[in-house]
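Colleague: Okay, handing you the structure first.
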Amino acid sequence: MKKTNILITGGSGFIGSNFIHYLFEETKFKGRIINCDKLTYAANPLNLADIKKKYGGKKYFFERVDICDYSKIEKIFKKFKIDTVIHFAAESHVDRSIHGPKDFIETNIVGTFNLLDVARKYWGNRKDVKFHHISTDEVFGSLGKTGAFKETTPYDPRSPYSASKASSDHLVRAYFHTYGLPITISNCSNNYGPYQFPEKLLPLIILNALEGKPLPIYGDGKNVRDWLYVEDHCSAIWRIIEKGKIGETYNIGGNSEKKNIDIVKKICAILDVKRPVKNNSAFKGGKLKKYSDLITFVKDRLGHDRRYAIDASKIQKELGWKPKHSFEGGLKCTINWYLENTGWVKKIKTASYAGWLKKNYK
Ligand code: NAD
Ligand code: TYD
């Protein structure tokens, strides 16, 4: 496989930007990365400011392009002689998909179709190329008290988000079976770590707590997710790019099932030590004694999946991958990152952020 000119879609989002850091800093990768991102609300160019400074115009290139724009994607393939695609770009938040599914259908389904179709046309029958599609465990639906998703578990998506991801997975497999496009797919459990947009559970809870805002828990808080530190997801993806078998799917997970309420309590306990309420300027004159006093049970999410759990034995056995970070270690790193990167937090939280994006990234 060539791996010389890698097209990364959605590289300015949470996992994509962690992956670009991982590739340049933790591997022997010598080629070029072309980051194609539309820069939606979820993207943050600050995530890659250091990469741009160090590698911009030499090994790192940025194209502000919507993956729904077929002809612009074609131009990128030609201009950069793309030989590998790692497809992260997506609308990724379940709650937003419930309130407005349209963008999810367009980006996640039509956008994926465009990339596949351009790759098929541009690559022809080449076998030294690869299209890797990043997907989620949510395509498998919701589990009861026991069991875990395997690669062979039938699809049963239940939210507009997971249905759109399932649909894109099917298209990727269809391009392999019908046209012989060299693809791999990974379905990963919930990620957490640096650069995650504070609409997802962990960063939302960390930042709300620090600001003295309510910590919303949907329903009874006993829904279970299987958490993986984002750097471990990145190492798994790279292992699949290097060693994964064409046409195969790999489940990725950290064997780290947690109830939402337990995670929120854990975050509160860590913050009680790292930034005690009495030292937090947000609480001047407040009556709060500890962060967990902010926990607030709210109306449940519509169709809220009860439990996810991943069986990652295939990637462990066949490709020798395993996660490096424990949940406790990863959570502490994540909390430290949000405590230290106040500039990043401030920028992403200001109302002028959308305008700033528009002005600086035409
Ligand atoms: P994110 O929302 O943080 O980032 C998505 C990125 O895609 C953003 O930079 C956004 O600007 C870009 N994008 C959106 N629409 C686009 C379009 N039409 N054209 C070009 N760029 C576009 O998402 P994330 O959490 O980094 O997730 C990345 C991928 O991983 C997604 O495919 C998601 O389904 C999958 N995934 C996420 C998780 C998780 O826990 N976050 C778990 C498993 C799988
Ligand atoms: P989320 O981070 O949105 O990821 P996903 O829905 O893809 O699993 O949510 C993780 C879990 O946390 C999920 O069970 C919903 C729950 N949740 C809350 O209880 N409160 C919140 O404010 C959010 C955003 C999520």
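Residues are named by chain letter and number: chains run A, B, ... in the order of the structure tokens, numbers start at 1 in each chain, and ligands are numbered from 1 in the order shown.
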Name the residues, by chain letter and number, that sit within 7 Å of ligand 2 using only C-alpha atoms and all ligand atoms, and give them as a PDB file with C-alpha atoms, in the first residue's frame.

Modeller:
ATOM      1  CA  HIS A  93     -24.190  14.323  17.763  1.00  0.00           C
ATOM      2  CA  VAL A  94     -27.250  12.153  18.498  1.00  0.00           C
ATOM      3  CA  ASP A  95     -29.259  14.977  20.146  1.00  0.00           C
ATOM      4  CA  ASN A 190     -17.655   6.337  22.715  1.00  0.00           C
ATOM      5  CA  GLU A 199     -21.906  19.134  23.522  1.00  0.00           C
ATOM      6  CA  LYS A 200     -20.809  15.540  24.249  1.00  0.00           C
ATOM      7  CA  LEU A 201     -21.161  14.171  27.782  1.00  0.00           C
ATOM      8  CA  LEU A 202     -17.615  14.414  29.165  1.00  0.00           C
ATOM      9  CA  LEU A 204     -20.045  19.250  28.760  1.00  0.00           C
ATOM     10  CA  PRO A 216     -27.752  17.455  33.091  1.00  0.00           C
ATOM     11  CA  ILE A 217     -28.264  13.697  33.352  1.00  0.00           C
ATOM     12  CA  TYR A 218     -30.783  12.222  30.950  1.00  0.00           C
ATOM     13  CA  GLY A 221     -28.470   8.118  34.488  1.00  0.00           C
ATOM     14  CA  ASN A 223     -27.481   4.161  30.504  1.00  0.00           C
ATOM     15  CA  VAL A 224     -24.161   2.480  29.811  1.00  0.00           C
ATOM     16  CA  ARG A 225     -21.476   3.461  27.287  1.00  0.00           C
ATOM     17  CA  ASN A 260     -23.432   7.896  32.894  1.00  0.00           C
ATOM     18  CA  HIS A 304     -32.250   6.729  24.313  1.00  0.00           C
ATOM     19  CA  ASP A 305     -30.220   3.515  23.735  1.00  0.00           C
TER      20      ASP A 305
END

Colleague: Write out as a PyMOL selection string each polymer residue (protein, DNA or RNA) that has an atom no more than 8 Å from ligand 1, with only C-alpha atoms and all ligand atoms counted.

Modeller: chain A and resi 9-17+36-44+64-68+87-93+106-108+111+133-138+165+187-192+196-197+200

Colleague: Work out how far apart CA of Lys59 (chain A) and CA of Glu231 (chain A) are and give it in Å to one decimal.

Modeller: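 We find that CA of Lys59 (chain A) and CA of Glu231 (chain A) lie 21.1 Å from each other.
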
Colleague: As a PyMOL selection string, please: every residue in region 4-223 of chain A that DSSP puts in strand (DSSP E).

Modeller: chain A and resi 5-9+32-36+60-63+84-87+130-136+183-188+191-192+215-218

Colleague: Each residue of region 112-163 of chain A with at least one atom at most 12 Å from region 234-252 of chain A should appear once, together with its nearest atom pair and the corresponding distance in Å (one decimal); atoms considered: only C-alpha atoms; ordering: chain, then increasing residue number; output as a Markdown table.

Modeller:
| residue | atom | partner | partner_atom | distance |
| --- | --- | --- | --- | --- |
| A:Lys127 | CA | A:Ile246 | CA | 9.7 |
| A:Asp128 | CA | A:Ile246 | CA | 10.9 |
| A:Val129 | CA | A:Ile241 | CA | 10.1 |
| A:Lys130 | CA | A:Ile241 | CA | 7.7 |
| A:Phe131 | CA | A:Ile241 | CA | 8.8 |
| A:His132 | CA | A:Ile241 | CA | 7.2 |
| A:His133 | CA | A:Thr249 | CA | 9.4 |
| A:Ile134 | CA | A:Ile237 | CA | 8.3 |
| A:Ser135 | CA | A:Asn251 | CA | 9.3 |
| A:Thr136 | CA | A:Asn251 | CA | 8.7 |
| A:Asp137 | CA | A:Asn251 | CA | 7.7 |
| A:Glu138 | CA | A:Asn251 | CA | 11.4 |
| A:Val139 | CA | A:Asn251 | CA | 11.5 |
| A:Phe140 | CA | A:Asn251 | CA | 11.1 |
| A:Ala148 | CA | A:Asn251 | CA | 10.6 |
| A:Phe149 | CA | A:Asn251 | CA | 8.1 |
| A:Lys150 | CA | A:Asn251 | CA | 6.9 |
| A:Glu151 | CA | A:Asn251 | CA | 6.1 |
| A:Thr152 | CA | A:Thr249 | CA | 9.2 |
| A:Thr153 | CA | A:Asn251 | CA | 10.6 |

Colleague: Keeping only N, CA and C atoms, write the selected residues as a PDB file, in the first residue's frame.

Modeller:
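And here is the file that came out, part.pdb:
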ATOM      1  N   LYS A 127      -4.715  -1.586  -6.641  1.00  0.00           N
ATOM      2  CA  LYS A 127      -4.781  -2.384  -5.410  1.00  0.00           C
ATOM      3  C   LYS A 127      -3.822  -1.830  -4.341  1.00  0.00           C
ATOM      4  N   ASP A 128      -3.076  -0.776  -4.693  1.00  0.00           N
ATOM      5  CA  ASP A 128      -2.116  -0.205  -3.730  1.00  0.00           C
ATOM      6  C   ASP A 128      -2.730   0.959  -2.953  1.00  0.00           C
ATOM      7  N   VAL A 129      -4.073   1.052  -2.957  1.00  0.00           N
ATOM      8  CA  VAL A 129      -4.787   2.182  -2.340  1.00  0.00           C
ATOM      9  C   VAL A 129      -5.740   1.637  -1.265  1.00  0.00           C
ATOM     10  N   LYS A 130      -6.247   2.543  -0.408  1.00  0.00           N
ATOM     11  CA  LYS A 130      -7.200   2.070   0.609  1.00  0.00           C
ATOM     12  C   LYS A 130      -8.175   3.182   1.017  1.00  0.00           C
ATOM     13  N   PHE A 131      -9.413   2.783   1.240  1.00  0.00           N
ATOM     14  CA  PHE A 131     -10.450   3.697   1.727  1.00  0.00           C
ATOM     15  C   PHE A 131     -10.888   3.172   3.090  1.00  0.00           C
ATOM     16  N   HIS A 132     -10.531   3.900   4.163  1.00  0.00           N
ATOM     17  CA  HIS A 132     -10.965   3.453   5.493  1.00  0.00           C
ATOM     18  C   HIS A 132     -12.107   4.334   6.007  1.00  0.00           C
ATOM     19  N   HIS A 133     -13.172   3.692   6.409  1.00  0.00           N
ATOM     20  CA  HIS A 133     -14.378   4.397   6.858  1.00  0.00           C
ATOM     21  C   HIS A 133     -14.511   4.271   8.381  1.00  0.00           C
ATOM     22  N   ILE A 134     -14.654   5.426   9.042  1.00  0.00           N
ATOM     23  CA  ILE A 134     -14.779   5.436  10.506  1.00  0.00           C
ATOM     24  C   ILE A 134     -16.259   5.393  10.875  1.00  0.00           C
ATOM     25  N   SER A 135     -16.639   4.366  11.622  1.00  0.00           N
ATOM     26  CA  SER A 135     -18.040   4.304  12.039  1.00  0.00           C
ATOM     27  C   SER A 135     -18.152   4.051  13.549  1.00  0.00           C
ATOM     28  N   THR A 136     -19.352   3.794  13.963  1.00  0.00           N
ATOM     29  CA  THR A 136     -19.671   3.792  15.386  1.00  0.00           C
ATOM     30  C   THR A 136     -20.327   2.471  15.809  1.00  0.00           C
ATOM     31  N   ASP A 137     -20.255   2.160  17.101  1.00  0.00           N
ATOM     32  CA  ASP A 137     -20.948   0.973  17.616  1.00  0.00           C
ATOM     33  C   ASP A 137     -22.467   1.191  17.636  1.00  0.00           C
ATOM     34  N   GLU A 138     -22.900   2.458  17.477  1.00  0.00           N
ATOM     35  CA  GLU A 138     -24.332   2.742  17.602  1.00  0.00           C
ATOM     36  C   GLU A 138     -25.155   2.108  16.475  1.00  0.00           C
ATOM     37  N   VAL A 139     -24.474   1.697  15.376  1.00  0.00           N
ATOM     38  CA  VAL A 139     -25.201   1.042  14.270  1.00  0.00           C
ATOM     39  C   VAL A 139     -25.815  -0.282  14.723  1.00  0.00           C
ATOM     40  N   PHE A 140     -25.269  -0.878  15.794  1.00  0.00           N
ATOM     41  CA  PHE A 140     -25.750  -2.193  16.236  1.00  0.00           C
ATOM     42  C   PHE A 140     -26.977  -2.104  17.143  1.00  0.00           C
ATOM     43  N   ALA A 148     -22.082  -8.271  24.158  1.00  0.00           N
ATOM     44  CA  ALA A 148     -21.320  -7.174  23.547  1.00  0.00           C
ATOM     45  C   ALA A 148     -21.449  -7.283  22.029  1.00  0.00           C
ATOM     46  N   PHE A 149     -21.309  -6.132  21.349  1.00  0.00           N
ATOM     47  CA  PHE A 149     -21.406  -6.120  19.887  1.00  0.00           C
ATOM     48  C   PHE A 149     -20.184  -6.792  19.281  1.00  0.00           C
ATOM     49  N   LYS A 150     -20.423  -7.727  18.357  1.00  0.00           N
ATOM     50  CA  LYS A 150     -19.342  -8.302  17.558  1.00  0.00           C
ATOM     51  C   LYS A 150     -19.488  -7.762  16.138  1.00  0.00           C
ATOM     52  N   GLU A 151     -18.487  -7.991  15.308  1.00  0.00           N
ATOM     53  CA  GLU A 151     -18.552  -7.528  13.914  1.00  0.00           C
ATOM     54  C   GLU A 151     -19.735  -8.160  13.187  1.00  0.00           C
ATOM     55  N   THR A 152     -20.170  -9.334  13.671  1.00  0.00           N
ATOM     56  CA  THR A 152     -21.256 -10.066  13.005  1.00  0.00           C
ATOM     57  C   THR A 152     -22.639  -9.713  13.564  1.00  0.00           C
ATOM     58  N   THR A 153     -22.698  -8.876  14.590  1.00  0.00           N
ATOM     59  CA  THR A 153     -23.996  -8.481  15.161  1.00  0.00           C
ATOM     60  C   THR A 153     -24.830  -7.775  14.075  1.00  0.00           C
TER      61      THR A 153
END

Colleague: Restricting the calculation to only C-alpha atoms, which member of A:Asp117, A:Asp311, A:Asp272, A:Asp156 is positioned closest to Leu210 (chain A)?

Modeller: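 Using only C-alpha atoms, the shortest distance to Leu210 (chain A) belongs to A:Asp272.
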
Colleague: Nearest to Glu340 (chain A): which of A:Tyr195, A:Lys259, A:Lys322, A:Arg126 is it, counting only C-alpha atoms?

Modeller: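 Closest residue, counting only C-alpha atoms: A:Tyr195.
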
Colleague: Separation of CA of Lys258 (chain A) and CA of Thr146 (chain A), in Å?

Modeller: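 The value is 13.4 Å.
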
Colleague: Rounded to one decimal, what separation in Å do you get between CA of Arg32 (chain A) and CA of His233 (chain A)?

Modeller: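 Here the two named atoms are 20.9 Å from each other.
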
Colleague: List as a list in words the protein and nucleic acid residues near Ile33 (chain A), meaning an atom at most 7 Å away when only C-alpha atoms are counted, but skip any in the same chain fewer than 2 places from it.

Modeller: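 What passes the distance filter is Asn5, Ile6, Leu7, Ile8, Gly31, Asn35, Lys59, Tyr60 and Phe61 of chain A.
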
Colleague: Taking only C-alpha atoms into account, name the residue in A:Phe297, A:Phe77, A:Phe19, A:Tyr229 that is nearest to His325 (chain A).

Modeller: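 Among A:Phe297, A:Phe77, A:Phe19, A:Tyr229, it is A:Tyr229 that comes nearest to His325 (chain A).
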